[in-house]
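Below is the file run-v5.cif, which contains mmCIF, C-alpha atoms and all ligand atoms.
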```cif
data_upload
#
loop_
_atom_site.label_atom_id
_atom_site.label_comp_id
_atom_site.auth_asym_id
_atom_site.auth_seq_id
_atom_site.Cartn_x
_atom_site.Cartn_y
_atom_site.Cartn_z
CA MET A 10 -8.34 1.30 8.20
CA LEU A 11 -7.41 -2.24 7.25
CA LEU A 12 -4.68 -1.85 9.84
CA ILE A 13 -6.05 -4.15 12.48
CA THR A 14 -6.80 -7.18 10.40
CA GLY A 15 -4.03 -9.52 9.47
CA SER A 16 -0.53 -8.19 9.01
CA LEU A 17 0.36 -4.57 8.69
CA HIS A 18 1.65 -3.64 5.30
CA LEU A 19 3.92 -0.74 5.94
CA ARG A 20 6.36 -1.61 3.22
CA VAL A 21 7.14 1.24 0.89
CA SER A 22 5.40 -0.19 -2.13
CA HIS A 23 2.26 -0.78 -0.08
CA PHE A 24 2.03 2.72 1.30
CA PRO A 25 -1.11 4.37 -0.05
CA ALA A 26 0.44 7.76 -0.73
CA CYS A 27 3.23 6.34 -2.82
CA LYS A 28 3.26 5.68 -6.55
CA PRO A 29 5.61 2.83 -7.47
CA ILE A 30 6.51 1.88 -11.03
CA MET A 31 4.80 -1.47 -10.65
CA ASP A 32 2.68 -3.55 -8.30
CA ALA A 33 4.69 -4.83 -5.37
CA ALA A 34 4.70 -8.34 -6.74
CA ALA A 35 2.40 -8.71 -9.64
CA MET A 36 2.30 -6.91 -12.94
CA SER A 37 1.54 -7.89 -16.53
CA SER A 38 -3.47 -8.19 -21.88
CA ALA A 39 -5.43 -8.32 -24.60
CA THR A 40 -3.30 -8.29 -27.69
CA ILE A 41 0.35 -8.89 -26.92
CA PRO A 42 2.78 -7.68 -29.55
CA ALA A 43 4.32 -10.70 -31.24
CA THR A 44 7.75 -9.93 -29.73
CA ALA A 45 6.62 -9.83 -26.09
CA PRO A 46 7.86 -12.74 -23.98
CA VAL A 47 5.22 -15.03 -22.53
CA ASP A 48 4.71 -15.63 -18.79
CA SER A 49 6.62 -18.60 -17.49
CA PRO A 50 4.81 -21.31 -15.52
CA GLU A 51 7.03 -20.22 -12.62
CA SER A 52 5.74 -16.65 -12.70
CA ARG A 53 2.16 -17.90 -13.00
CA ARG A 54 2.61 -20.14 -10.00
CA TYR A 55 4.32 -17.46 -7.92
CA ASN A 56 1.64 -14.86 -8.59
CA ARG A 57 -1.16 -17.32 -8.00
CA ILE A 58 0.25 -18.25 -4.60
CA ARG A 59 0.77 -14.56 -3.74
CA ARG A 60 -2.84 -13.83 -4.55
CA TRP A 61 -4.11 -16.72 -2.46
CA LEU A 62 -1.89 -15.58 0.39
CA GLY A 63 -3.46 -12.13 0.18
CA ILE A 64 -6.95 -13.61 0.22
CA ALA A 65 -6.08 -15.97 3.08
CA ASP A 66 -4.68 -13.03 5.05
CA PHE A 67 -7.95 -11.15 4.54
CA VAL A 68 -10.09 -14.17 5.51
CA VAL A 69 -8.04 -14.86 8.64
CA GLY A 70 -8.45 -11.23 9.73
CA LEU A 71 -12.17 -11.37 9.06
CA ALA A 72 -12.52 -14.70 10.91
CA LEU A 73 -10.82 -13.25 13.99
CA LEU A 74 -13.22 -10.30 14.06
CA VAL A 75 -16.28 -12.52 13.62
CA ILE A 76 -15.09 -14.95 16.32
CA LEU A 77 -14.57 -12.07 18.77
CA LEU A 78 -18.07 -10.72 18.12
CA VAL A 79 -19.95 -14.04 18.05
CA THR A 80 -18.36 -15.51 21.18
CA GLY A 81 -18.61 -12.27 23.14
CA TRP A 82 -14.85 -12.37 23.76
CA ASN A 83 -14.73 -8.75 22.63
CA GLY A 84 -16.57 -7.92 25.89
CA THR A 85 -14.46 -10.27 28.01
CA LEU A 86 -11.31 -8.64 26.65
CA ARG A 87 -12.74 -5.16 27.32
CA ASP A 88 -13.35 -6.10 30.97
CA PHE A 89 -9.84 -7.47 31.17
CA ALA A 90 -8.39 -4.30 29.63
CA LEU A 91 -10.32 -2.12 32.09
CA ARG A 92 -9.06 -4.15 35.06
CA ALA A 93 -5.49 -4.09 33.73
CA ALA A 94 -5.75 -0.29 33.34
CA PHE A 95 -7.30 0.21 36.80
CA GLN A 96 -10.57 1.32 35.14
CA HIS A 97 -8.82 4.20 33.37
CA TYR A 98 -10.73 4.50 30.09
CA THR A 99 -8.02 5.94 27.83
CA LEU A 100 -5.40 3.54 29.10
CA ALA A 101 -7.82 0.62 28.77
CA VAL A 102 -8.42 1.51 25.09
CA ALA A 103 -4.67 1.26 24.47
CA VAL A 104 -4.49 -2.10 26.29
CA TYR A 105 -7.46 -3.34 24.25
CA VAL A 106 -5.77 -2.35 20.99
CA LEU A 107 -2.58 -4.07 22.09
CA ILE A 108 -4.48 -7.30 22.80
CA LEU A 109 -6.34 -7.18 19.47
CA LEU A 110 -3.17 -6.50 17.48
CA ALA A 111 -1.33 -9.27 19.30
CA LEU A 112 -4.20 -11.66 18.49
CA ALA A 113 -4.17 -10.55 14.83
CA LYS A 114 -0.42 -11.16 14.70
CA LEU A 115 -0.81 -14.56 16.29
CA PHE A 116 -3.48 -15.49 13.72
CA GLY A 117 -1.49 -14.08 10.79
CA VAL A 118 2.13 -14.91 11.61
CA GLY A 119 1.95 -18.31 9.89
CA LEU A 120 0.96 -16.67 6.61
CA ASP A 121 3.63 -14.00 7.05
CA TYR A 122 6.26 -16.66 7.49
CA TYR A 123 4.94 -18.53 4.46
CA SER A 124 5.30 -15.29 2.40
CA PHE A 125 8.87 -14.99 3.57
CA ARG A 126 9.58 -18.59 2.55
CA LEU A 127 7.82 -18.08 -0.77
CA GLU A 128 10.12 -15.22 -1.79
CA HIS A 129 13.10 -17.47 -1.10
CA ARG A 130 11.58 -20.42 -2.93
CA PHE A 131 11.36 -18.28 -6.06
CA HIS A 132 14.82 -16.76 -5.52
CA LEU A 133 13.45 -13.26 -5.04
CA SER A 134 14.72 -12.52 -1.54
CA ASN A 135 18.06 -11.77 0.10
CA GLN A 136 16.65 -11.51 3.58
CA ARG A 137 17.82 -13.76 6.38
CA LEU A 138 15.33 -15.17 8.85
CA ARG A 139 16.72 -13.04 11.67
CA ALA A 140 16.37 -9.82 9.65
CA TRP A 141 12.85 -10.83 8.70
CA PHE A 142 12.01 -11.36 12.34
CA VAL A 143 13.38 -7.92 13.23
CA ASP A 144 11.27 -6.38 10.45
CA GLU A 145 8.18 -8.17 11.73
CA ALA A 146 8.81 -6.81 15.22
CA LYS A 147 9.35 -3.29 13.85
CA GLU A 148 6.17 -3.52 11.77
CA PHE A 149 4.24 -4.60 14.82
CA LEU A 150 5.54 -1.76 16.99
CA VAL A 151 5.08 0.94 14.34
CA GLY A 152 1.59 -0.42 13.63
CA LEU A 153 0.78 -0.44 17.33
CA ILE A 154 1.74 3.23 17.71
CA PHE A 155 -0.36 4.28 14.70
CA VAL A 156 -3.38 2.21 15.64
CA VAL A 157 -3.35 3.32 19.29
CA ILE A 158 -3.33 6.98 18.21
CA ILE A 159 -6.13 6.41 15.70
CA VAL A 160 -8.32 4.40 18.08
CA GLU A 161 -7.79 6.84 20.97
CA VAL A 162 -8.98 9.70 18.73
CA LEU A 163 -11.94 7.57 17.63
CA TYR A 164 -13.16 6.78 21.16
CA PHE A 165 -12.48 10.29 22.42
CA MET A 166 -14.83 11.56 19.71
CA LEU A 167 -17.37 8.81 20.40
CA ARG A 168 -17.43 9.79 24.06
CA GLU A 169 -17.40 13.56 23.70
CA PHE A 170 -19.39 14.04 20.50
CA PRO A 171 -21.68 11.04 20.07
CA GLN A 172 -23.79 12.92 17.51
CA HIS A 173 -21.07 13.99 15.09
CA TRP A 174 -18.21 11.67 16.05
CA TRP A 175 -17.92 10.16 12.58
CA LEU A 176 -17.56 13.52 10.80
CA LEU A 177 -15.13 14.88 13.38
CA THR A 178 -13.01 11.73 13.43
CA TRP A 179 -12.97 11.76 9.65
CA ALA A 180 -11.63 15.33 9.67
CA VAL A 181 -8.87 14.39 12.14
CA PHE A 182 -8.03 11.30 10.07
CA LEU A 183 -7.70 13.41 6.98
CA GLY A 184 -5.22 15.68 8.73
CA LEU A 185 -3.27 12.67 10.03
CA PHE A 186 -3.26 11.14 6.58
CA VAL A 187 -1.79 14.24 4.94
CA LEU A 188 0.77 14.50 7.73
CA LEU A 189 1.71 10.86 7.31
CA ALA A 190 2.06 11.21 3.54
CA GLN A 191 4.43 14.09 4.16
CA LEU A 192 6.43 12.43 6.95
CA ALA A 193 6.56 8.88 5.59
CA PRO A 194 9.66 9.33 3.38
CA VAL A 195 11.67 10.88 6.22
CA ILE A 196 10.31 9.04 9.27
CA LEU A 197 8.42 5.88 8.33
CA PHE A 198 10.29 4.38 5.35
CA PRO A 199 13.77 4.78 6.90
CA ILE A 200 12.68 2.46 9.72
CA PHE A 201 12.64 -0.34 7.17
CA TYR A 202 15.10 0.73 4.45
CA LYS A 203 18.19 2.88 4.03
CA PHE A 204 17.97 5.82 1.66
CA GLU A 205 20.70 8.11 0.38
CA PRO A 206 20.72 10.97 -2.09
CA LEU A 207 21.57 9.81 -5.59
CA GLN A 208 25.20 10.55 -6.44
CA ASP A 209 25.09 9.85 -10.17
CA GLU A 210 25.54 13.27 -11.84
CA ASP A 211 24.45 12.04 -15.27
CA LEU A 212 21.14 10.73 -13.92
CA LYS A 213 20.58 13.86 -11.88
CA GLN A 214 21.12 16.00 -14.96
CA ARG A 215 18.67 13.85 -16.92
CA LEU A 216 16.06 14.35 -14.23
CA VAL A 217 16.64 18.10 -14.13
CA ARG A 218 16.18 18.25 -17.91
CA LEU A 219 13.02 16.14 -17.72
CA GLY A 220 11.72 18.47 -15.03
CA GLU A 221 12.61 21.60 -16.98
CA ARG A 222 10.73 20.34 -19.99
CA ALA A 223 7.74 19.70 -17.72
CA GLY A 224 8.10 23.12 -16.09
CA THR A 225 8.43 21.51 -12.67
CA ARG A 226 11.09 20.57 -10.16
CA VAL A 227 11.41 17.43 -8.07
CA ARG A 228 13.35 18.18 -4.93
CA GLY A 229 15.26 14.97 -4.63
CA VAL A 230 16.15 11.63 -6.06
CA TYR A 231 17.18 8.97 -3.58
CA LYS A 232 18.79 5.60 -3.83
CA TRP A 233 16.64 3.06 -2.02
CA ASN A 234 18.72 0.20 -0.63
CA LEU A 235 16.32 -2.57 -1.51
CA SER A 236 19.00 -5.16 -2.29
CA GLU A 237 19.67 -5.97 1.35
CA LYS A 238 16.22 -7.55 1.44
CA SER A 239 15.08 -8.28 -2.08
CA LYS A 240 16.30 -9.14 -5.56
CA LYS A 241 13.30 -7.30 -7.03
CA ALA A 242 13.52 -3.80 -8.53
CA ASN A 243 11.15 -0.89 -8.08
CA ALA A 244 10.92 2.89 -8.07
CA ALA A 245 8.37 5.28 -6.61
CA LEU A 246 7.29 8.85 -6.14
CA THR A 247 6.70 9.56 -2.45
CA GLY A 248 6.07 12.42 -0.03
CA LEU A 249 4.27 15.72 -0.11
CA GLY A 250 5.61 19.26 -0.37
CA SER A 251 9.15 19.50 0.94
CA THR A 252 9.48 15.72 1.29
CA ARG A 253 8.42 15.01 -2.31
CA ARG A 254 11.03 12.73 -3.89
CA ILE A 255 11.64 9.98 -6.36
CA ILE A 256 13.17 6.83 -4.91
CA LEU A 257 15.03 4.37 -7.12
CA ALA A 258 15.94 0.89 -5.89
CA ASP A 259 19.63 0.08 -6.02
CA THR A 260 18.61 -3.17 -7.75
CA LEU A 261 17.32 -0.96 -10.57
CA LEU A 262 20.23 1.47 -10.65
CA GLU A 263 22.73 -1.36 -10.95
CA ASN A 264 21.11 -3.37 -13.71
CA TYR A 265 19.41 -0.84 -15.98
CA SER A 266 20.93 1.40 -18.62
CA PRO A 267 20.84 5.20 -18.11
CA ASP A 268 18.16 5.42 -20.82
CA GLU A 269 16.04 2.82 -19.04
CA ILE A 270 16.41 4.59 -15.72
CA GLU A 271 15.46 7.84 -17.42
CA ALA A 272 12.27 6.16 -18.68
CA VAL A 273 11.45 5.09 -15.12
CA LEU A 274 12.19 8.61 -13.84
CA ALA A 275 9.93 10.05 -16.53
CA HIS A 276 7.08 7.78 -15.39
CA GLU A 277 7.51 8.90 -11.78
CA LEU A 278 7.70 12.51 -12.89
CA GLY A 279 4.40 11.89 -14.68
CA HIS A 280 2.82 11.08 -11.29
CA HIS A 281 4.27 14.30 -9.92
CA VAL A 282 3.09 16.46 -12.82
CA HIS A 283 -0.42 14.97 -12.73
CA LYS A 284 -0.59 15.40 -8.92
CA HIS A 285 -1.46 11.76 -8.36
CA ILE A 286 -0.51 11.65 -4.70
CA LEU A 287 -2.83 14.56 -3.90
CA LYS A 288 -5.61 13.04 -6.02
CA GLY A 289 -5.06 9.73 -4.25
CA ILE A 290 -5.48 11.42 -0.89
CA ALA A 291 -8.71 13.09 -2.12
CA VAL A 292 -10.13 9.73 -3.24
CA GLN A 293 -9.04 8.17 0.04
CA ALA A 294 -10.81 11.00 1.87
CA GLY A 295 -14.05 10.29 -0.02
CA THR A 296 -13.98 6.55 0.60
CA THR A 297 -13.04 7.04 4.25
CA LEU A 298 -16.00 9.39 4.73
CA LEU A 299 -18.28 6.73 3.29
CA GLY A 300 -16.65 4.19 5.63
CA PHE A 301 -17.28 6.39 8.68
CA TRP A 302 -20.87 6.94 7.68
CA ALA A 303 -21.40 3.18 7.36
CA ALA A 304 -19.58 2.55 10.65
CA ASN A 305 -21.86 5.06 12.40
CA TRP A 306 -24.93 3.36 10.96
CA ALA A 307 -23.72 -0.11 11.97
CA LEU A 308 -22.80 1.09 15.46
CA HIS A 309 -26.22 2.65 16.03
CA TYR A 310 -27.90 -0.49 14.75
CA ALA A 311 -25.84 -2.64 17.13
CA VAL A 312 -26.49 -0.36 20.13
CA ASP A 313 -30.09 0.82 19.55
CA ARG A 314 -31.66 -2.24 17.92
CA LEU A 315 -29.57 -5.28 18.80
CA HIS A 316 -28.48 -4.01 22.23
CA MET A 317 -25.06 -5.61 21.72
CA PHE A 318 -23.41 -2.68 23.54
CA ASP A 319 -24.67 -0.31 26.25
CA GLU A 320 -23.30 2.81 24.59
CA LEU A 321 -21.46 4.03 21.50
CA SER A 322 -18.24 4.59 23.42
CA ASP A 323 -18.05 0.99 24.69
CA PHE A 324 -14.77 0.06 23.03
CA ALA A 325 -15.77 -3.60 22.92
CA ASN A 326 -17.45 -2.52 19.66
CA LEU A 327 -14.07 -1.91 17.99
CA PRO A 328 -14.07 -5.33 16.24
CA LEU A 329 -17.48 -4.46 14.75
CA LEU A 330 -16.22 -1.12 13.41
CA VAL A 331 -13.14 -2.76 11.93
CA LEU A 332 -15.30 -5.51 10.41
CA VAL A 333 -17.57 -2.97 8.66
CA VAL A 334 -14.63 -0.98 7.34
CA THR A 335 -12.71 -4.09 6.25
CA VAL A 336 -15.65 -5.47 4.25
CA LEU A 337 -16.24 -2.07 2.65
CA SER A 338 -12.55 -1.72 1.76
CA PHE A 339 -12.65 -5.11 0.09
CA LEU A 340 -15.71 -4.13 -1.93
CA ALA A 341 -14.15 -0.80 -2.89
CA LEU A 342 -10.91 -2.45 -4.03
CA PRO A 343 -11.81 -2.80 -7.74
CA ALA A 344 -12.85 0.86 -7.93
CA LEU A 345 -9.72 2.07 -6.15
CA ASN A 346 -7.53 -0.13 -8.35
CA ALA A 347 -9.27 1.15 -11.50
CA PHE A 348 -8.52 4.69 -10.37
CA SER A 349 -4.90 3.74 -9.74
CA ARG A 350 -4.57 2.04 -13.16
CA PHE A 351 -5.96 5.20 -14.78
CA ASN A 352 -3.22 7.22 -13.08
CA GLU A 353 -0.57 4.72 -14.10
CA ARG A 354 -1.61 4.92 -17.76
CA GLN A 355 -1.43 8.71 -17.50
CA ALA A 356 2.08 8.54 -16.02
CA ASP A 357 3.13 6.10 -18.76
CA ARG A 358 1.84 8.45 -21.49
CA TYR A 359 3.73 11.27 -19.82
CA ALA A 360 6.89 9.15 -19.97
CA PHE A 361 6.37 8.33 -23.70
CA LYS A 362 6.07 12.03 -24.40
CA SER A 363 9.15 13.08 -22.41
CA ILE A 364 11.71 10.57 -23.60
CA ALA A 365 13.29 10.49 -27.02
CA SER A 366 12.17 6.96 -27.82
CA VAL A 367 9.85 4.47 -26.10
CA ASP A 368 12.38 1.64 -26.59
CA PRO A 369 14.05 2.05 -23.18
CA PHE A 370 10.60 2.15 -21.57
CA ILE A 371 9.76 -1.15 -23.25
CA SER A 372 13.02 -2.79 -22.29
CA SER A 373 12.81 -1.54 -18.70
CA MET A 374 9.28 -2.98 -18.37
CA ASN A 375 10.46 -6.31 -19.72
CA LYS A 376 13.40 -6.31 -17.34
CA LEU A 377 11.16 -5.43 -14.40
CA ALA A 378 8.72 -8.19 -15.28
CA GLU A 379 11.49 -10.74 -15.49
CA GLN A 380 13.37 -9.60 -12.41
CA ASN A 381 10.24 -9.40 -10.24
CA LEU A 382 8.68 -12.54 -11.68
CA ALA A 383 5.66 -10.44 -12.57
CA GLU A 384 2.79 -11.72 -14.63
CA ARG A 385 2.75 -9.88 -17.94
CA LYS A 386 -0.71 -11.02 -18.77
CA PRO A 387 -2.92 -11.92 -15.81
CA SER A 388 -6.53 -12.91 -16.36
CA ARG A 389 -8.96 -10.07 -16.90
CA PHE A 390 -10.62 -10.67 -13.54
CA VAL A 391 -7.34 -10.75 -11.64
CA GLU A 392 -6.21 -7.50 -13.25
CA TRP A 393 -9.57 -5.83 -12.63
CA TYR A 394 -9.79 -6.82 -8.98
CA PHE A 395 -6.23 -6.97 -7.69
CA HIS A 396 -3.88 -4.90 -9.84
CA SER A 397 -3.10 -1.30 -9.02
CA HIS A 398 -1.08 -1.15 -12.26
CA PRO A 399 -2.16 -2.08 -15.77
CA ALA A 400 -0.85 -5.44 -16.93
CA ILE A 401 2.70 -5.15 -18.32
CA SER A 402 1.50 -6.43 -21.68
CA ARG A 403 -0.99 -3.57 -21.84
CA ARG A 404 1.67 -1.04 -20.90
CA LEU A 405 3.96 -2.41 -23.61
CA GLU A 406 1.13 -2.36 -26.11
CA ALA A 407 0.39 1.28 -25.27
CA ALA A 408 4.06 2.12 -25.85
CA HIS A 409 4.01 0.39 -29.24
CA VAL A 410 0.82 2.19 -30.24
CA TRP A 411 2.33 5.51 -29.17
CA ALA A 412 5.53 4.87 -31.14
CA LYS A 413 3.50 3.98 -34.23
CA ALA A 414 1.33 7.11 -33.95
CA GLU A 415 4.45 9.26 -33.58
CA GLY A 416 5.82 7.67 -36.73
ZN ZN B 501 3.50 4.54 -11.43
#
```

Show this structure as structure tokens.
Amino acid sequence: MLLITGSLHLRVSHFPACKPIMDAAAMSSATIPATAPVDSPESRRYNRIRRWLGIADFVVGLALLVILLVTGWNGTLRDFALRAAFQHYTLAVAVYVLILLALAKLFGVGLDYYSFRLEHRFHLSNQRLRAWFVDEAKEFLVGLIFVVIIVEVLYFMLREFPQHWWLLTWAVFLGLFVLLAQLAPVILFPIFYKFEPLQDEDLKQRLVRLGERAGTRVRGVYKWNLSEKSKKANAALTGLGSTRRIILADTLLENYSPDEIEAVLAHELGHHVHKHILKGIAVQAGTTLLGFWAANWALHYAVDRLHMFDELSDFANLPLLVLVVTVLSFLALPALNAFSRFNERQADRYAFKSIASVDPFISSMNKLAEQNLAERKPSRFVEWYFHSHPAISRRLEAAHVWAKAEG
């Protein structure tokens, strides 16, 4: 539901029903083993700027929503949308969404461009300006389609079932979310990246053996052509049911030893075995329900008490709904990240257990940190609030502790 504010993050590593090996940009503790390399000033600077960019993106989105509500432009734009749609309600909702998304893009494009430049400044990107621009356009269009569908459902429910709209919309959202998690690897991700089945027989055999030991089967392993855009490496478990697959970046396949890749595969298999994608959807369902409840309360307050809108289904109230949900999402972030870090530790432990030695896990983590300019040891607050993965130094420490316990 953060979709409307700021830029749309539809990149693979940002997709909620997707478990990558590390945070998209940042990674990273308490007691670092003496051998662990220390974060370079460069990596500190890069990650600090990335964080501020994320915060700025959030603030800009919030500012836009507040400006719309305070100035009353949300109502002016609604009237405009109705006129442009010849007073056709459903069509006007779509026009309204288009205007809001265009405004959000206009407000956020400067920061997006700065992010693009930043990756180049730190030698982490292979993407040309033109390709970036095409990606931005694709992101906008894909986002527009999703948001129009979601908002149309929302206002249909508000109009037809004003009493129970929030519960009904939540149920539809849940269905859409499961569908999206299933379709994303075959429909959504290929819009932005090329994927092909992994050809390496040795690696495939290793995965089959890992799966057999776990008493499970992953249907596919795919090479993810990340190198055309980025110098970073990553891997992830994505999809649901028949689309469940592990994706490995070509930047990882080319530079890591078979043992290191096996360690990464074992981590991803850990997510599969522990059903993390399904659990993630369940948690998302709970938080979304809470969000809808709060949105319903805020909407009634604005209509019944403040008389800001004549009725619930006046779509000029969309910025208010997005504002409520955005603020709640921001407040829920530490809890959701703590849940994610718990899952990541579980997947790491699964990997330790399934591979012959933790050494390749340790070396792959070090390589990933270096290649992605990740922070091995962010501050406690930064890790607690922003990181979906435990700090690399903590993951390394856990591996060392495991190795020691195993003798
Ligand atoms: Zn993971």

Exercise. May I have the protein, DNA and RNA residues with any atom at most 10 Å from the point (-8.7, 7.4, 20.8), counting all atoms listed in the file, written as an MDAnalysis selection string?
Key: chainID A and resid 98:100 102:103 156:168 178 324

Self-check item: Selection within 10 Å of ligand ZN 501 (chain B) by only C-alpha atoms and all ligand atoms, output as a PyMOL selection string
Solution: chain A and resi 27-32+243-246+273-281+285+349-350+352-357+397-399

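Between CA of Tyr123 in chain A and CA of Val75 in chain A lies a distance of 23.9 Å.
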
Quiz prompt | Close residues, Tyr265 in chain A itself excluded, 9 Å, all atoms listed in the file, min 4 positions apart in chain, as a ChimeraX atom specification | solution = /A:260-261,269-270,373,376

Exercise. With a distance cut-off of 9 Å and all atoms listed in the file, select the neighbouring residues of range 128-139 of chain A, excluding the residue or stretch itself and same-chain residues fewer than 4 positions from it, and output the selection as number ranges by chain.
Key: A: 51-52, 55, 123-124, 143-144, 236-241, 380-382

Exercise. Considering all atoms listed in the file, state which residue in the set A:Thr296, A:Gln172, A:Ser388, A:Ser402 is at the smallest distance from Leu342 in chain A.
Key: A:Thr296

Practice problem: Go ahead and compute the interatomic distance for CA of Tyr310 in chain A and CA of Leu78 in chain A, in Å to one decimal. | Solution: 14.6 Å

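CA of Leu287 in chain A to CA of Arg253 in chain A spans 11.4 Å [interatomic distance, one decimal].
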
Exercise. Find the residue from A:Ile256, A:Val312, A:Ile290, A:Ala378 that sits nearest to Val47 in chain A; use only C-alpha atoms when measuring.
Key: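 Of all the options, A:Ala378 lies closest to Val47 in chain A.
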